[in-house]
>>> print(open('start-v4.tsv').read())   # TSV, C-alpha atoms
chain	number	residue	atom	x	y	z
A	30	MET	CA	-92.83	14.15	-24.95
A	31	LEU	CA	-89.24	15.25	-25.62
A	32	LEU	CA	-87.55	11.83	-25.42
A	33	ASP	CA	-89.29	8.48	-25.58
A	34	VAL	CA	-87.42	5.21	-25.08
A	35	GLU	CA	-89.74	2.29	-25.78
A	36	SER	CA	-88.86	-1.39	-25.32
A	37	PHE	CA	-85.29	-0.64	-26.37
A	38	SER	CA	-82.81	-3.51	-26.38
A	39	LEU	CA	-79.23	-3.50	-27.57
A	40	SER	CA	-76.91	-6.38	-28.37
A	41	PHE	CA	-73.55	-6.93	-30.03
A	42	THR	CA	-72.52	-9.73	-32.33
A	43	ARG	CA	-69.10	-11.27	-31.99
A	44	TYR	CA	-67.20	-14.22	-33.39
A	45	ASP	CA	-66.39	-17.25	-31.29
A	46	GLY	CA	-63.64	-18.91	-33.25
A	47	VAL	CA	-63.54	-18.48	-37.02
A	48	LEU	CA	-67.09	-18.98	-38.28
A	49	ARG	CA	-69.39	-19.04	-35.28
A	50	GLN	CA	-71.19	-15.86	-34.24
A	51	ARG	CA	-73.02	-15.16	-31.03
A	52	SER	CA	-75.01	-12.23	-29.70
A	53	ILE	CA	-74.27	-10.53	-26.38
A	54	LYS	CA	-77.17	-8.54	-25.00
A	55	ALA	CA	-76.23	-5.32	-23.21
A	56	LEU	CA	-79.54	-3.50	-22.71
A	57	HIS	CA	-82.84	-5.25	-22.07
A	58	ASP	CA	-86.24	-3.79	-22.96
A	59	LEU	CA	-85.77	-0.25	-21.58
A	60	THR	CA	-88.84	1.97	-21.45
A	61	PHE	CA	-88.95	5.51	-20.04
A	62	GLN	CA	-89.76	9.09	-21.05
A	63	LEU	CA	-88.15	12.46	-20.48
A	64	ALA	CA	-90.05	15.75	-20.56
A	65	ARG	CA	-88.88	19.32	-21.12
A	66	GLY	CA	-87.82	21.06	-17.94
A	67	GLU	CA	-86.90	17.77	-16.27
A	68	ILE	CA	-83.70	16.10	-15.13
A	69	LEU	CA	-83.91	12.32	-15.21
A	70	ALA	CA	-80.92	10.72	-13.50
A	71	LEU	CA	-80.05	7.32	-14.96
A	72	VAL	CA	-78.16	5.68	-12.11
A	73	GLY	CA	-76.28	2.40	-12.03
A	74	ALA	CA	-72.95	0.72	-11.48
A	75	SER	CA	-70.09	1.05	-13.94
A	76	GLY	CA	-70.45	-1.37	-16.83
A	77	GLY	CA	-74.23	-1.51	-16.52
A	78	GLY	CA	-74.90	-0.10	-19.98
A	79	LYS	CA	-75.62	3.56	-19.20
A	80	SER	CA	-73.14	4.99	-21.71
A	81	LEU	CA	-74.31	2.55	-24.38
A	82	LEU	CA	-77.75	4.10	-24.19
A	83	ALA	CA	-76.24	7.57	-24.65
A	84	HIS	CA	-74.31	6.37	-27.69
A	85	ALA	CA	-77.44	4.73	-29.10
A	86	LEU	CA	-79.39	7.99	-28.78
A	87	PHE	CA	-76.76	9.77	-30.88
A	88	GLY	CA	-76.19	6.95	-33.37
A	89	ILE	CA	-72.53	6.44	-32.51
A	90	LEU	CA	-72.54	2.70	-31.82
A	91	PRO	CA	-70.05	0.32	-33.49
A	92	PRO	CA	-71.07	-1.59	-36.64
A	93	ASN	CA	-71.70	-4.85	-34.77
A	94	ALA	CA	-74.45	-3.30	-32.63
A	95	ARG	CA	-78.03	-4.50	-33.11
A	96	SER	CA	-81.07	-2.88	-31.54
A	97	THR	CA	-84.80	-3.42	-31.24
A	98	GLY	CA	-87.52	-1.15	-29.91
A	99	ALA	CA	-87.76	2.58	-30.49
A	100	LEU	CA	-85.92	5.80	-29.63
A	101	ARG	CA	-87.91	8.97	-30.40
A	102	PHE	CA	-87.19	12.67	-30.13
A	103	GLU	CA	-90.34	14.80	-30.12
A	104	GLY	CA	-92.19	11.86	-31.59
A	105	LYS	CA	-89.73	11.31	-34.46
A	106	PRO	CA	-87.56	8.17	-34.60
A	107	LEU	CA	-83.85	8.64	-33.99
A	108	ASP	CA	-82.23	6.99	-37.01
A	109	ASP	CA	-79.70	7.60	-39.77
A	110	GLU	CA	-82.09	9.95	-41.56
A	111	THR	CA	-83.04	12.19	-38.64
A	112	LEU	CA	-79.90	12.24	-36.48
A	113	PRO	CA	-77.60	14.35	-38.71
A	114	ALA	CA	-80.00	17.29	-38.42
A	115	LEU	CA	-80.60	16.77	-34.70
A	116	ARG	CA	-77.10	16.26	-33.29
A	117	GLY	CA	-75.68	19.51	-31.93
A	118	ARG	CA	-78.67	21.59	-32.93
A	119	HIS	CA	-81.45	19.88	-30.98
A	120	MET	CA	-79.56	17.21	-29.03
A	121	GLY	CA	-76.32	17.80	-27.16
A	122	LEU	CA	-73.99	15.14	-25.75
A	123	VAL	CA	-71.57	15.77	-22.89
A	124	PRO	CA	-69.20	12.78	-23.27
A	125	GLN	CA	-67.86	10.84	-20.33
A	126	SER	CA	-64.14	11.32	-20.90
A	127	ILE	CA	-62.26	14.60	-21.30
A	128	SER	CA	-60.14	12.75	-23.86
A	129	HIS	CA	-62.86	13.72	-26.34
A	130	LEU	CA	-61.23	17.16	-26.40
A	131	ASP	CA	-58.64	17.55	-29.15
A	132	PRO	CA	-55.26	17.81	-27.36
A	133	LEU	CA	-53.70	19.76	-30.24
A	134	VAL	CA	-56.31	22.52	-30.57
A	135	ARG	CA	-56.84	25.49	-28.29
A	136	CYS	CA	-60.02	25.35	-26.26
A	137	GLY	CA	-61.55	28.49	-27.73
A	138	ARG	CA	-61.20	27.11	-31.24
A	139	GLN	CA	-62.88	23.88	-30.17
A	140	LEU	CA	-65.79	25.87	-28.75
A	141	VAL	CA	-66.09	27.79	-32.03
A	142	TRP	CA	-66.07	24.51	-33.97
A	143	ALA	CA	-68.80	23.10	-31.77
A	144	ALA	CA	-70.86	26.21	-32.43
A	145	GLU	CA	-70.34	25.94	-36.19
A	146	ARG	CA	-71.44	22.29	-36.18
A	147	SER	CA	-74.66	23.41	-34.52
A	148	GLY	CA	-75.20	26.23	-37.02
A	149	VAL	CA	-74.00	29.09	-34.78
A	150	ARG	CA	-71.20	31.59	-35.41
A	151	LEU	CA	-69.53	32.98	-32.31
A	152	THR	CA	-67.77	36.32	-32.06
A	153	LYS	CA	-64.85	36.74	-29.64
A	154	ALA	CA	-67.18	38.48	-27.21
A	155	GLN	CA	-69.65	35.59	-27.44
A	156	VAL	CA	-66.86	33.08	-26.79
A	157	ALA	CA	-66.01	35.00	-23.61
A	158	ASP	CA	-69.68	35.10	-22.59
A	159	ARG	CA	-70.06	31.39	-23.26
A	160	LEU	CA	-67.06	30.54	-21.10
A	161	ALA	CA	-68.19	32.88	-18.33
A	162	ALA	CA	-71.59	31.18	-18.27
A	163	PHE	CA	-69.81	28.07	-16.99
A	164	ASN	CA	-67.44	29.91	-14.62
A	165	LEU	CA	-64.51	29.67	-17.01
A	166	PRO	CA	-62.12	32.63	-17.43
A	167	LEU	CA	-61.32	34.04	-20.87
A	168	THR	CA	-57.77	32.62	-20.58
A	169	VAL	CA	-59.30	29.17	-21.20
A	170	ALA	CA	-59.90	30.18	-24.84
A	171	LYS	CA	-56.14	30.28	-25.51
A	172	ALA	CA	-55.32	27.23	-23.40
A	173	PHE	CA	-54.88	23.67	-24.62
A	174	PRO	CA	-56.93	20.94	-22.90
A	175	HIS	CA	-53.96	19.69	-20.90
A	176	HIS	CA	-53.70	23.11	-19.26
A	177	LEU	CA	-57.15	22.71	-17.69
A	178	SER	CA	-58.12	21.02	-14.46
A	179	GLY	CA	-60.61	18.16	-14.68
A	180	GLY	CA	-63.44	20.41	-13.54
A	181	MET	CA	-62.60	23.10	-16.07
A	182	ALA	CA	-62.36	20.56	-18.89
A	183	ARG	CA	-65.78	19.13	-18.04
A	184	ARG	CA	-67.31	22.59	-17.87
A	185	LEU	CA	-65.79	23.32	-21.29
A	186	MET	CA	-67.40	20.18	-22.72
A	187	LEU	CA	-70.72	21.26	-21.24
A	188	ALA	CA	-70.32	24.68	-22.85
A	189	MET	CA	-69.58	22.98	-26.19
A	190	ALA	CA	-72.52	20.58	-25.93
A	191	THR	CA	-75.00	23.35	-25.20
A	192	VAL	CA	-73.69	26.12	-27.47
A	193	GLY	CA	-76.41	25.38	-30.06
A	194	GLN	CA	-79.10	25.60	-27.34
A	195	PRO	CA	-80.32	22.01	-27.77
A	196	GLN	CA	-83.63	20.92	-26.30
A	197	LEU	CA	-82.18	17.60	-25.09
A	198	ILE	CA	-78.90	17.32	-23.17
A	199	VAL	CA	-77.38	13.93	-22.42
A	200	ALA	CA	-74.63	14.28	-19.81
A	201	ASP	CA	-72.62	11.08	-19.44
A	202	GLU	CA	-70.88	10.97	-16.04
A	203	PRO	CA	-70.23	14.75	-16.11
A	204	THR	CA	-68.95	14.84	-12.51
A	205	SER	CA	-66.71	11.78	-12.54
A	206	GLY	CA	-63.54	12.40	-10.54
A	207	LEU	CA	-64.45	15.96	-9.58
A	208	ASP	CA	-64.21	17.60	-6.17
A	209	PRO	CA	-67.43	18.71	-4.45
A	210	GLU	CA	-67.13	22.34	-5.61
A	211	ASN	CA	-66.79	21.47	-9.30
A	212	THR	CA	-69.45	18.78	-8.97
A	213	GLU	CA	-71.89	21.37	-7.66
A	214	ILE	CA	-71.05	23.78	-10.49
A	215	ILE	CA	-71.75	21.12	-13.13
A	216	LEU	CA	-74.98	19.88	-11.56
A	217	ARG	CA	-76.20	23.41	-10.88
A	218	SER	CA	-75.58	24.27	-14.55
A	219	LEU	CA	-77.61	21.24	-15.65
A	220	ARG	CA	-80.41	22.21	-13.25
A	221	ASP	CA	-80.43	25.76	-14.66
A	222	LEU	CA	-80.66	24.37	-18.20
A	223	ALA	CA	-83.60	22.18	-17.23
A	224	ASP	CA	-85.31	25.08	-15.48
A	225	ALA	CA	-84.93	27.04	-18.73
A	226	GLY	CA	-86.88	24.35	-20.58
A	227	CYS	CA	-84.34	21.72	-21.63
A	228	GLY	CA	-84.70	18.04	-20.94
A	229	VAL	CA	-81.61	16.56	-19.26
A	230	LEU	CA	-80.67	12.89	-19.12
A	231	LEU	CA	-78.02	12.74	-16.39
A	232	ILE	CA	-76.09	9.47	-16.60
A	233	THR	CA	-74.24	8.80	-13.38
A	234	HIS	CA	-73.14	6.14	-10.93
A	235	ASP	CA	-73.47	8.54	-8.00
A	236	LEU	CA	-76.97	8.42	-6.58
A	237	VAL	CA	-76.29	10.79	-3.67
A	238	GLN	CA	-75.00	13.61	-5.88
A	239	SER	CA	-77.79	13.36	-8.44
A	240	VAL	CA	-80.89	13.30	-6.24
A	241	ALA	CA	-80.33	16.87	-5.03
A	242	TYR	CA	-80.74	18.16	-8.60
A	243	ALA	CA	-82.84	15.56	-10.43
A	244	ASP	CA	-86.62	15.30	-10.69
A	245	ARG	CA	-86.71	11.54	-11.13
A	246	VAL	CA	-84.23	8.68	-10.83
A	247	ALA	CA	-84.22	5.66	-13.13
A	248	MET	CA	-82.12	2.76	-11.89
A	249	LEU	CA	-80.25	0.50	-14.30
A	250	ASN	CA	-78.86	-2.84	-13.15
A	251	ALA	CA	-77.03	-5.20	-15.53
A	252	GLY	CA	-78.70	-3.54	-18.51
A	253	ARG	CA	-82.21	-3.69	-17.08
A	254	LEU	CA	-84.34	-0.85	-15.78
A	255	VAL	CA	-85.29	-1.96	-12.28
A	256	GLY	CA	-87.27	1.04	-11.11
A	257	THR	CA	-88.03	4.74	-11.51
A	258	GLU	CA	-88.59	6.88	-8.44
A	259	PRO	CA	-89.12	10.58	-7.68
A	260	ALA	CA	-85.86	12.11	-6.51
A	261	THR	CA	-87.54	13.38	-3.35
A	262	ALA	CA	-88.18	9.78	-2.24
A	263	PHE	CA	-84.44	9.32	-1.68
A	264	SER	CA	-84.38	10.73	1.83
A	265	GLY	CA	-84.24	9.57	5.39
A	266	ASN	CA	-84.25	5.80	5.58
A	267	GLY	CA	-85.68	5.43	2.09
A	268	ASP	CA	-89.09	4.33	3.35
A	269	GLU	CA	-90.87	6.28	0.58
A	270	LEU	CA	-89.11	4.30	-2.15
A	271	GLU	CA	-91.24	1.70	-3.88
A	272	SER	CA	-88.49	-0.47	-5.35
A	273	ALA	CA	-86.37	-2.80	-3.24
A	274	TYR	CA	-83.38	-2.03	-5.46
A	275	GLY	CA	-83.80	1.70	-4.83
A	276	ARG	CA	-83.97	1.18	-1.08
A	277	ALA	CA	-80.89	-1.02	-1.17
A	278	MET	CA	-78.92	1.59	-3.16
A	279	TRP	CA	-79.97	4.42	-0.88
A	280	ARG	CA	-79.30	2.59	2.36
A	281	ALA	CA	-75.84	1.60	1.13
A	282	ALA	CA	-74.89	5.27	0.62
A	283	PRO	CA	-72.18	6.74	2.89
A	284	GLN	CA	-74.56	8.95	4.85
A	285	ASN	CA	-76.63	5.87	5.64
A	286	ALA	CA	-73.62	4.07	7.12
A	287	PHE	CA	-73.20	1.77	4.11
A	288	SER	CA	-76.07	-0.35	5.43
A	289	THR	CA	-76.67	-3.57	3.49
A	290	ARG	CA	-79.75	-4.69	5.36
A	291	ARG	CA	-82.67	-5.92	3.31
A	292	ALA	CA	-85.80	-3.82	2.91
A	293	ALA	CA	-87.75	-6.50	4.77
A	294	ASP	CA	-85.53	-5.98	7.81
A	295	ALA	CA	-86.29	-2.25	8.02
>>> encode(input="start-v4.tsv", output="structure tokens")
Amino acid sequence: MLLDVESFSLSFTRYDGVLRQRSIKALHDLTFQLARGEILALVGASGGGKSLLAHALFGILPPNARSTGALRFEGKPLDDETLPALRGRHMGLVPQSISHLDPLVRCGRQLVWAAERSGVRLTKAQVADRLAAFNLPLTVAKAFPHHLSGGMARRLMLAMATVGQPQLIVADEPTSGLDPENTEIILRSLRDLADAGCGVLLITHDLVQSVAYADRVAMLNAGRLVGTEPATAFSGNGDELESAYGRAMWRAAPQNAFSTRRAADA
């Protein structure tokens, strides 16, 4: 199995007053797996802990974070010893915010840096090919991030995250704020990567967008995994869905008239 999340919980310690500490739990006993060639959409409301899981996978949590359970990549634990060799080369992260791009460095240079961090050296022709693979013109190489539209910036981050040809891609809200055309470009690119043998963890709050490209959907609510369903079950009135939470999410979608009726009333 490419990625294995087993009984993973995450909490943060904080001070109440001067000397008293307390623990705030953010993720509760998550268990799921992701295979090569698969897109697993992790869907939930904003603030539900989806991005925290992405940060935990890459070891970029703050010092006050505490975790239990296991995170494994190809059977090996993800920890301080293994992650430096895995990040960029075998695992790629598409961050949520385009503010992760350096505003003072031209985009082509940032793509070259991302390649170097993953052990790859790009020629000018390869930079052009890499940009073209994500429908970006060569002029993007000489542009600064603020010259790009939101869709172009997100496609650039996807190009950077995948330049080392990682086996696992974690895309954190890669379509947030994008128009339908750019959304389709991003999701189609992720689907193509999965079809080529990558495993993709697509973190998103948009169920409707993700089910057209995902293989399975895992639903996160208040830090808890409340169900995992095949993406094909999200159709019609949602009668094929096993979880009440999944049916409620699907029936509240715009194309289902924002229905809030309970599953028992269907």
>>> atom_distance(input="start-v4.tsv", atom1="CA of Leu112 (chain A)", atom2="CA of Gln196 (chain A)")
13.9 Å
>>> closest_residue(input="start-v4.tsv", among="A:Gly104, A:Gly148, A:Pro166, A:Pro203", to="Arg183 (chain A)", atoms="only C-alpha atoms")
A:Pro203
>>> residues_around(input="start-v4.tsv", residues="Gln139 (chain A)", least_positions_apart="3", cutoff="10 Å", atoms="all atoms listed in the file", output="list of chain:residue names")
A:Leu130, A:Asp131, A:Val134, A:Arg135, A:Cys136, A:Trp142, A:Ala143, A:Ala144, A:Glu145, A:Ala170, A:Phe173, A:Pro174, A:Leu185, A:Met186, A:Met189
>>> write_last_selection(input="start-v4.tsv", atoms="C-alpha atoms", output="PDB file, in the frame of the given file")
ATOM      1  CA  LEU A 130     -61.230  17.160 -26.400  1.00  0.00           C
ATOM      2  CA  ASP A 131     -58.640  17.550 -29.150  1.00  0.00           C
ATOM      3  CA  VAL A 134     -56.310  22.520 -30.570  1.00  0.00           C
ATOM      4  CA  ARG A 135     -56.840  25.490 -28.290  1.00  0.00           C
ATOM      5  CA  CYS A 136     -60.020  25.350 -26.260  1.00  0.00           C
ATOM      6  CA  TRP A 142     -66.070  24.510 -33.970  1.00  0.00           C
ATOM      7  CA  ALA A 143     -68.800  23.100 -31.770  1.00  0.00           C
ATOM      8  CA  ALA A 144     -70.860  26.210 -32.430  1.00  0.00           C
ATOM      9  CA  GLU A 145     -70.340  25.940 -36.190  1.00  0.00           C
ATOM     10  CA  ALA A 170     -59.900  30.180 -24.840  1.00  0.00           C
ATOM     11  CA  PHE A 173     -54.880  23.670 -24.620  1.00  0.00           C
ATOM     12  CA  PRO A 174     -56.930  20.940 -22.900  1.00  0.00           C
ATOM     13  CA  LEU A 185     -65.790  23.320 -21.290  1.00  0.00           C
ATOM     14  CA  MET A 186     -67.400  20.180 -22.720  1.00  0.00           C
ATOM     15  CA  MET A 189     -69.580  22.980 -26.190  1.00  0.00           C
TER      16      MET A 189
END
>>> residues_around(input="start-v4.tsv", residues="Ile198 (chain A)", least_positions_apart="5", cutoff="10 Å", atoms="only C-alpha atoms", output="list in words")
Ile68, Gly117, His119, Met120, Gly121, Leu122, Val123, Leu187, Ala190, Thr191, Leu219, Leu222, Ala223, Cys227, Gly228, Val229, Leu230 and Leu231 of chain A
>>> closest_residue(input="start-v4.tsv", among="A:Ala162, A:Val255, A:Ala172, A:Ile89", to="Ile214 (chain A)", atoms="only C-alpha atoms")
A:Ala162
>>> residues_near_point(input="start-v4.tsv", point="(-83.8, 10.7, 3.6)", cutoff="12 Å", atoms="all atoms listed in the file", output="VMD selection string")
chain A and resid 237 240 to 241 260 to 270 276 279 to 280 282 284 to 285
>>> residues_around(input="start-v4.tsv", residues="region 205-212 of chain A", least_positions_apart="5", cutoff="9 Å", atoms="only C-alpha atoms", output="mmCIF file with C-alpha atoms, in the coordinates of the input")
data_model
loop_
_atom_site.group_PDB
_atom_site.id
_atom_site.type_symbol
_atom_site.label_atom_id
_atom_site.label_comp_id
_atom_site.auth_asym_id
_atom_site.auth_seq_id
_atom_site.Cartn_x
_atom_site.Cartn_y
_atom_site.Cartn_z
ATOM 1 C CA GLN A 125 -67.860 10.840 -20.330
ATOM 2 C CA SER A 126 -64.140 11.320 -20.900
ATOM 3 C CA GLY A 179 -60.610 18.160 -14.680
ATOM 4 C CA GLY A 180 -63.440 20.410 -13.540
ATOM 5 C CA MET A 181 -62.600 23.100 -16.070
ATOM 6 C CA ARG A 184 -67.310 22.590 -17.870
ATOM 7 C CA ARG A 217 -76.200 23.410 -10.880
ATOM 8 C CA THR A 233 -74.240 8.800 -13.380
ATOM 9 C CA HIS A 234 -73.140 6.140 -10.930
ATOM 10 C CA ASP A 235 -73.470 8.540 -8.000
ATOM 11 C CA GLN A 238 -75.000 13.610 -5.880
#
>>> residues_near_point(input="start-v4.tsv", point="(-66.5, 36.4, -32.1)", cutoff="12 Å", atoms="all atoms listed in the file", output="PDB file with C-alpha atoms, in the coordinates of the input")
ATOM      1  CA  GLY A 137     -61.550  28.490 -27.730  1.00  0.00           C
ATOM      2  CA  ARG A 138     -61.200  27.110 -31.240  1.00  0.00           C
ATOM      3  CA  LEU A 140     -65.790  25.870 -28.750  1.00  0.00           C
ATOM      4  CA  VAL A 141     -66.090  27.790 -32.030  1.00  0.00           C
ATOM      5  CA  ALA A 144     -70.860  26.210 -32.430  1.00  0.00           C
ATOM      6  CA  GLU A 145     -70.340  25.940 -36.190  1.00  0.00           C
ATOM      7  CA  VAL A 149     -74.000  29.090 -34.780  1.00  0.00           C
ATOM      8  CA  ARG A 150     -71.200  31.590 -35.410  1.00  0.00           C
ATOM      9  CA  LEU A 151     -69.530  32.980 -32.310  1.00  0.00           C
ATOM     10  CA  THR A 152     -67.770  36.320 -32.060  1.00  0.00           C
ATOM     11  CA  LYS A 153     -64.850  36.740 -29.640  1.00  0.00           C
ATOM     12  CA  ALA A 154     -67.180  38.480 -27.210  1.00  0.00           C
ATOM     13  CA  GLN A 155     -69.650  35.590 -27.440  1.00  0.00           C
ATOM     14  CA  VAL A 156     -66.860  33.080 -26.790  1.00  0.00           C
ATOM     15  CA  ALA A 157     -66.010  35.000 -23.610  1.00  0.00           C
ATOM     16  CA  ASP A 158     -69.680  35.100 -22.590  1.00  0.00           C
ATOM     17  CA  ARG A 159     -70.060  31.390 -23.260  1.00  0.00           C
ATOM     18  CA  ALA A 170     -59.900  30.180 -24.840  1.00  0.00           C
TER      19      ALA A 170
END
>>> closest_residue(input="start-v4.tsv", among="A:Pro92, A:Leu236, A:Asp109, A:Asp45", to="Ala277 (chain A)", atoms="all atoms listed in the file")
A:Leu236
>>> residues_around(input="start-v4.tsv", residues="region 52-55 of chain A", least_positions_apart="5", cutoff="8 Å", atoms="all atoms listed in the file", output="list in words")
Ser38, Leu39, Ser40, Phe41, Thr42, Arg43, Gly77, Gly78, Ala251 and Gly252 of chain A
>>> closest_residue(input="start-v4.tsv", among="A:Gly193, A:Pro106, A:Pro113, A:Gly73", to="Val246 (chain A)", atoms="only C-alpha atoms")
A:Gly73
>>> atom_distance(input="start-v4.tsv", atom1="CA of Ala243 (chain A)", atom2="CA of Glu271 (chain A)")
17.5 Å
>>> atom_distance(input="start-v4.tsv", atom1="CA of Phe163 (chain A)", atom2="CA of Pro132 (chain A)")
20.6 Å
>>> residues_around(input="start-v4.tsv", residues="Ala247 (chain A)", least_positions_apart="5", cutoff="8 Å", atoms="only C-alpha atoms", output="JSON, numbers by chain")
{"A": [69, 70, 71, 72, 254, 255, 256, 257, 258]}
>>> closest_residue(input="start-v4.tsv", among="A:Met248, A:Val34, A:Phe87, A:Thr111", to="Ala273 (chain A)", atoms="all atoms listed in the file")
A:Met248
>>> closest_residue(input="start-v4.tsv", among="A:Ala200, A:His129, A:Phe102, A:Ala225", to="Ala83 (chain A)", atoms="only C-alpha atoms")
A:Ala200
